[in-house]
>>> print(open('run.cif').read())   # mmCIF, C-alpha atoms and all ligand atoms
data_start
loop_
_atom_site.label_atom_id
_atom_site.label_comp_id
_atom_site.auth_asym_id
_atom_site.auth_seq_id
_atom_site.Cartn_x
_atom_site.Cartn_y
_atom_site.Cartn_z
CA MET A 1 0.00 0.00 0.00
CA ARG A 2 1.23 3.47 -0.85
CA ARG A 3 2.71 5.55 1.97
CA THR A 4 2.96 9.27 1.44
CA LEU A 5 3.19 12.60 3.22
CA ALA A 6 0.30 15.04 3.08
CA ARG A 7 0.18 18.61 4.31
CA VAL A 8 -2.73 20.04 6.26
CA ALA A 9 -3.55 23.13 4.20
CA SER A 10 -6.42 24.39 6.36
CA LEU A 11 -9.11 23.44 8.83
CA VAL A 12 -12.63 23.86 7.45
CA LEU A 13 -16.22 22.93 8.17
CA SER A 14 -17.92 20.27 6.09
CA PRO A 15 -21.14 21.23 4.28
CA SER A 16 -23.00 19.73 7.27
CA GLY A 17 -20.93 21.77 9.71
CA MET A 18 -18.56 19.04 10.89
CA ALA A 19 -14.86 19.69 11.55
CA ALA A 20 -12.81 18.82 8.49
CA ALA A 21 -9.31 19.28 7.15
CA ARG A 22 -8.16 20.21 3.66
CA LEU A 23 -5.08 18.14 2.76
CA VAL A 24 -2.61 18.52 -0.09
CA LEU A 25 -1.23 15.24 -1.42
CA PRO A 26 0.26 13.79 -4.61
CA THR A 27 -2.13 12.86 -7.41
CA ALA A 28 -0.93 9.24 -7.35
CA ALA A 29 -2.11 8.89 -3.74
CA MET A 30 -5.63 10.16 -4.37
CA PRO A 31 -8.53 7.87 -3.40
CA VAL A 32 -11.64 7.28 -5.50
CA PRO A 33 -15.10 7.81 -3.92
CA GLY A 34 -15.57 5.29 -1.12
CA GLN A 35 -11.89 4.65 -0.45
CA VAL A 36 -10.40 5.85 2.84
CA MET A 37 -6.92 6.83 3.99
CA LEU A 38 -5.14 6.03 7.25
CA ALA A 39 -3.34 8.96 8.85
CA CYS A 40 -1.01 9.64 11.74
CA ARG A 41 1.64 12.17 12.70
CA PRO A 42 5.10 11.19 11.37
CA SER A 43 6.50 11.83 14.86
CA GLY A 44 4.80 8.70 16.16
CA ASP A 45 2.61 10.61 18.65
CA ASP A 46 -0.48 8.68 17.52
CA SER A 47 -0.76 5.15 18.90
CA LEU A 48 -2.99 4.11 15.98
CA ARG A 49 -3.67 5.54 12.57
CA HIS A 50 -6.92 7.50 12.19
CA THR A 51 -9.33 6.55 9.42
CA LEU A 52 -9.79 9.51 7.09
CA LEU A 53 -13.18 9.77 5.38
CA PRO A 54 -12.94 12.05 2.32
CA ILE A 55 -15.87 14.40 1.72
CA ALA A 56 -14.43 16.17 -1.34
CA LEU A 57 -11.74 15.27 -3.88
CA HIS A 58 -9.73 18.13 -5.40
CA ALA A 59 -7.10 18.39 -8.14
CA ASP A 60 -4.34 18.68 -5.51
CA GLY A 61 -5.71 16.72 -2.58
CA LEU A 62 -8.86 16.15 -0.58
CA THR A 63 -11.01 17.36 2.26
CA ALA A 64 -11.73 14.80 4.96
CA LEU A 65 -13.70 14.80 8.19
CA GLN A 66 -11.40 15.33 11.17
CA PRO A 67 -11.21 11.97 12.94
CA GLU A 68 -12.23 11.92 16.59
CA GLY A 69 -9.19 12.58 18.76
CA ALA A 70 -7.13 14.18 15.99
CA SER A 71 -6.07 17.77 16.58
CA TRP A 72 -4.13 18.50 13.43
CA GLN A 73 -3.12 22.04 12.66
CA PRO A 74 -2.59 23.88 9.37
CA GLY A 75 0.93 23.38 8.05
CA GLU A 76 1.39 20.00 9.78
CA LEU A 77 2.57 17.01 7.79
CA LEU A 78 0.68 13.73 8.04
CA ASP A 79 1.92 10.24 7.28
CA LEU A 80 -0.76 8.65 5.08
CA LEU A 81 -1.35 5.04 4.10
CA GLY A 82 -3.69 4.39 1.25
CA PRO A 83 -5.93 4.61 -0.60
CA VAL A 84 -7.33 1.65 1.32
CA GLY A 85 -9.40 -1.07 -0.34
CA HIS A 86 -12.11 -0.68 -2.95
CA GLY A 87 -14.32 2.32 -3.58
CA PHE A 88 -17.76 2.56 -5.18
CA ARG A 89 -17.93 0.98 -8.65
CA PRO A 90 -21.23 1.95 -10.27
CA SER A 91 -21.60 0.61 -13.79
CA THR A 92 -21.71 3.29 -16.49
CA ALA A 93 -24.98 1.67 -17.63
CA ARG A 94 -26.72 2.77 -14.40
CA ARG A 95 -28.28 6.21 -14.87
CA ARG A 96 -30.57 6.65 -11.83
CA TRP A 97 -28.60 6.74 -8.60
CA LEU A 98 -29.95 6.83 -5.08
CA LEU A 99 -27.38 7.69 -2.39
CA ALA A 100 -28.46 7.16 1.20
CA ALA A 101 -26.64 7.83 4.48
CA LEU A 102 -27.91 5.48 7.17
CA GLY A 103 -26.88 6.62 10.63
CA VAL A 104 -23.78 8.41 9.34
CA ASP A 105 -22.88 11.94 8.28
CA PRO A 106 -24.22 12.42 4.72
CA ASP A 107 -21.09 14.43 3.83
CA ILE A 108 -19.36 11.05 3.42
CA LEU A 109 -21.37 10.42 0.23
CA LEU A 110 -20.54 13.75 -1.42
CA PRO A 111 -17.59 12.38 -3.47
CA LEU A 112 -19.93 9.73 -4.93
CA MET A 113 -22.53 12.42 -5.58
CA ASP A 114 -19.86 14.44 -7.46
CA MET A 115 -19.00 11.34 -9.50
CA GLY A 116 -22.63 10.94 -10.50
CA ILE A 117 -22.97 14.59 -11.47
CA GLY A 118 -19.75 14.30 -13.48
CA ARG A 119 -21.21 11.34 -15.39
CA GLY A 120 -24.45 13.19 -16.06
CA VAL A 121 -26.64 10.62 -14.32
CA SER A 122 -29.74 11.46 -12.28
CA VAL A 123 -28.84 11.57 -8.59
CA ALA A 124 -31.17 11.52 -5.59
CA MET A 125 -29.86 11.78 -2.05
CA TRP A 126 -31.52 10.79 1.20
CA ALA A 127 -30.33 10.65 4.80
CA GLU A 128 -31.75 9.99 8.22
CA SER A 129 -30.14 13.23 9.39
CA PRO A 130 -30.56 16.65 7.72
CA LEU A 131 -28.78 16.94 4.39
CA PRO A 132 -26.34 19.78 3.70
CA PRO A 133 -27.11 22.21 0.86
CA LEU A 134 -26.75 20.22 -2.36
CA PRO A 135 -26.31 21.19 -6.03
CA PRO A 136 -29.64 21.97 -7.73
CA GLN A 137 -29.48 18.94 -10.02
CA VAL A 138 -29.60 16.56 -7.02
CA GLU A 139 -33.08 15.42 -6.02
CA VAL A 140 -33.87 15.40 -2.30
CA PRO A 141 -36.90 13.16 -1.75
CA SER A 142 -38.90 13.41 1.46
CA ASP A 143 -39.56 9.67 1.42
CA VAL A 144 -36.98 7.09 0.41
CA GLU A 145 -39.38 4.27 -0.54
CA PRO A 146 -40.54 5.58 -3.94
CA VAL A 147 -36.96 6.47 -4.87
CA LEU A 148 -35.86 2.92 -4.15
CA ASP A 149 -38.28 1.77 -6.85
CA TRP A 150 -36.94 4.40 -9.27
CA ALA A 151 -33.19 3.83 -8.77
CA ASP A 152 -31.12 1.42 -10.82
CA TYR A 153 -28.05 1.95 -8.61
CA VAL A 154 -27.95 2.41 -4.85
CA GLY A 155 -24.91 3.68 -2.95
CA LEU A 156 -25.16 3.53 0.83
CA ALA A 157 -23.01 4.56 3.78
CA LEU A 158 -23.67 2.89 7.11
CA THR A 159 -22.02 1.56 10.25
CA PRO A 160 -22.01 -1.99 11.65
CA ASP A 161 -23.95 -0.57 14.64
CA TRP A 162 -26.69 0.71 12.30
CA LEU A 163 -26.81 -2.72 10.68
CA ASP A 164 -27.10 -4.43 14.09
CA ALA A 165 -29.88 -2.08 15.18
CA ASN A 166 -31.88 -2.28 11.96
CA GLY A 167 -31.05 -5.79 10.81
CA PRO A 168 -30.34 -6.94 7.27
CA ASP A 169 -34.11 -7.24 6.75
CA GLY A 170 -34.69 -3.56 7.53
CA SER A 171 -36.99 -2.11 4.89
CA ILE A 172 -34.42 0.15 3.25
CA LEU A 173 -31.83 -2.58 2.89
CA LYS A 174 -34.38 -5.10 1.73
CA ALA A 175 -35.64 -2.79 -0.99
CA ALA A 176 -32.14 -1.68 -1.95
CA SER A 177 -30.97 -5.25 -2.43
CA ARG A 178 -33.60 -6.12 -5.04
CA PRO A 179 -31.83 -7.19 -8.24
CA ARG A 180 -29.68 -4.21 -9.10
CA LEU A 181 -26.21 -3.05 -8.24
CA ALA A 182 -26.23 -1.83 -4.63
CA GLU A 183 -23.08 -1.10 -2.67
CA ALA A 184 -22.45 -0.01 0.90
CA LEU A 185 -19.54 1.94 2.34
CA VAL A 186 -19.09 0.46 5.81
CA ILE A 187 -17.79 3.04 8.28
CA LEU A 188 -15.67 1.49 11.00
CA PRO A 189 -12.17 1.81 12.45
CA ILE A 190 -9.44 0.40 10.19
CA PRO A 191 -6.40 0.14 12.46
CA CYS A 192 -3.86 -1.65 10.27
CA GLY A 193 -5.23 -1.48 6.73
CA THR A 194 -3.33 -4.61 5.72
CA GLY A 195 -5.75 -7.43 6.53
CA ILE A 196 -3.68 -8.64 9.49
CA CYS A 197 -5.39 -7.47 12.69
CA GLY A 198 -8.93 -8.64 11.88
CA ALA A 199 -10.49 -5.61 13.59
CA CYS A 200 -12.42 -4.50 10.53
CA ALA A 201 -14.54 -7.63 9.92
CA VAL A 202 -17.97 -6.95 8.41
CA GLY A 203 -20.78 -9.37 7.64
CA GLY A 204 -20.68 -12.88 8.99
CA GLY A 205 -20.43 -16.55 8.12
CA ARG A 206 -19.43 -17.33 4.56
CA THR A 207 -19.79 -13.68 3.55
CA ALA A 208 -17.49 -12.23 6.26
CA ARG A 209 -15.28 -9.53 4.80
CA ARG A 210 -12.39 -7.37 5.99
CA ALA A 211 -13.20 -3.74 5.27
CA CYS A 212 -9.57 -2.86 4.58
CA ILE A 213 -9.05 -5.57 1.95
CA ASP A 214 -12.50 -6.47 0.63
CA GLY A 215 -14.12 -3.06 1.28
CA PRO A 216 -14.61 -0.54 2.67
CA VAL A 217 -17.27 -0.56 -0.08
CA VAL A 218 -18.91 -3.99 -0.28
CA ALA A 219 -21.77 -5.41 -2.30
CA LEU A 220 -24.95 -4.93 -0.29
CA GLU A 221 -25.83 -8.58 -0.75
CA ASP A 222 -22.75 -9.47 1.31
CA LEU A 223 -24.32 -7.62 4.28
CA THR A 224 -27.88 -8.84 3.85
CA ARG A 225 -27.60 -12.59 3.35
S1 LIG B 1 -7.77 -3.03 9.62
FE1 LIG B 1 -6.63 -4.73 10.29
S2 LIG B 1 -7.50 -6.39 9.22
FE2 LIG B 1 -8.52 -4.65 8.41
#
>>> encode(input="run.cif", output="structure tokens", more="lines below")
Ligand code: FES
Amino acid sequence: MRRTLARVASLVLSPSGMAAARLVLPTAAMPVPGQVMLACRPSGDDSLRHTLLPIALHADGLTALQPEGASWQPGELLDLLGPVGHGFRPSTARRRWLLAALGVDPDILLPLMDMGIGRGVSVAMWAESPLPPLPPQVEVPSDVEPVLDWADYVGLALTPDWLDANGPDGSILKAASRPRLAEALVILPIPCGTGICGACAVGGGRTARRACIDGPVVALEDLTR
């Protein structure tokens, strides 16, 4: 996995008002929507790497939510590992995208939203929490059920805790996993990023996956069967 240095250019607020950091990094180290980065201070002050969740991808870097416990300052250098794992892979044939944030900050899905806008597909976005201001071409339905019938691609972001609380048979997941391409970005700590520690297991039984190797974006069917 690539290891690189990134510079904290500035501290900003995400569109939803969360603390975020604008980082400058080499083009070759840039993630695609859904991929994460693992970050720590080069000095070794951090006992574990923090999982960086990008909320915007730029020509010279990215903006990511500030991980809990990180207190990075502008001008600091960060030691980054990544991009980690697989990102979202919507087929170019899919033209009606529904993006839904289930128990997580909807900012996390903004890079995927930007990808959809860039492709010229129809994008609808739904979240359990209030959505940030979105570009005018993005539909914001008040009810997710009708949009699930309309969409031919579904991109989700959720946590294992949300899955435990709502179950794989929860109505949104059940509808989203009807025959179509549906993927879920699973938000959880990724301590090593190399598949060794086993801390990032998602799913169970024959479909158990490690988020750092097999994800962090996985086929929804791997979470619901
Ligand atoms: S983070 Fe260690 S196995 Fe995935």
>>> residues_near_ligand(input="run.cif", ligand="ligand LIG 1 (chain B)", cutoff="8 Å", atoms="only C-alpha atoms and all ligand atoms", output="NGL selection string")
:A and (189-201 or 210-213)
>>> residues_around(input="run.cif", residues="range 132-136 of chain A", least_positions_apart="3", cutoff="8 Å", atoms="all atoms listed in the file", output="mmCIF file with C-alpha atoms, keeping the file's coordinate frame")
data_model
loop_
_atom_site.group_PDB
_atom_site.id
_atom_site.type_symbol
_atom_site.label_atom_id
_atom_site.label_comp_id
_atom_site.auth_asym_id
_atom_site.auth_seq_id
_atom_site.Cartn_x
_atom_site.Cartn_y
_atom_site.Cartn_z
ATOM 1 C CA PRO A 15 -21.140 21.230 4.280
ATOM 2 C CA SER A 16 -23.000 19.730 7.270
ATOM 3 C CA PRO A 106 -24.220 12.420 4.720
ATOM 4 C CA ASP A 107 -21.090 14.430 3.830
ATOM 5 C CA GLU A 139 -33.080 15.420 -6.020
#
>>> closest_residue(input="run.cif", among="A:Leu23, A:Ala70, A:Ala64, A:Ala100", to="Asp46 in chain A", atoms="all atoms listed in the file")
A:Ala70
>>> atom_distance(input="run.cif", atom1="CA of Gln66 in chain A", atom2="CA of Leu53 in chain A")
8.2 Å
>>> closest_atom_pairs(input="run.cif", of="range 77-99 of chain A", to="range 25-29 of chain A", cutoff="12 Å", atoms="only C-alpha atoms", output="JSON lines")
{"residue": "A:Leu77", "atom": "CA", "partner": "A:Leu25", "partner_atom": "CA", "distance": 10.1}
{"residue": "A:Leu78", "atom": "CA", "partner": "A:Leu25", "partner_atom": "CA", "distance": 9.8}
{"residue": "A:Asp79", "atom": "CA", "partner": "A:Leu25", "partner_atom": "CA", "distance": 10.5}
{"residue": "A:Leu80", "atom": "CA", "partner": "A:Ala29", "partner_atom": "CA", "distance": 8.9}
{"residue": "A:Leu81", "atom": "CA", "partner": "A:Ala29", "partner_atom": "CA", "distance": 8.8}
{"residue": "A:Gly82", "atom": "CA", "partner": "A:Ala29", "partner_atom": "CA", "distance": 6.9}
{"residue": "A:Pro83", "atom": "CA", "partner": "A:Ala29", "partner_atom": "CA", "distance": 6.5}
{"residue": "A:Val84", "atom": "CA", "partner": "A:Ala29", "partner_atom": "CA", "distance": 10.3}
>>> closest_residue(input="run.cif", among="A:Asn166, A:Thr4, A:Ala157, A:Arg49", to="Leu110 in chain A", atoms="all atoms listed in the file")
A:Ala157
>>> closest_residue(input="run.cif", among="A:Ile172, A:Arg2, A:Thr224, A:Gly116", to="Arg89 in chain A", atoms="all atoms listed in the file")
A:Gly116
>>> atom_distance(input="run.cif", atom1="CA of Pro54 in chain A", atom2="CA of Gly215 in chain A")
15.2 Å
>>> atom_distance(input="run.cif", atom1="CA of Leu181 in chain A", atom2="CA of Thr63 in chain A")
27.5 Å
>>> closest_residue(input="run.cif", among="A:Met115, A:Val24, A:Val144, A:Leu5", to="Pro90 in chain A", atoms="all atoms listed in the file")
A:Met115
>>> closest_residue(input="run.cif", among="A:Leu62, A:Val121, A:Ser43, A:Leu11", to="Ala93 in chain A", atoms="all atoms listed in the file")
A:Val121
>>> closest_residue(input="run.cif", among="A:Gly34, A:Gly61, A:Pro130, A:Gly69", to="Gly103 in chain A", atoms="all atoms listed in the file")
A:Pro130
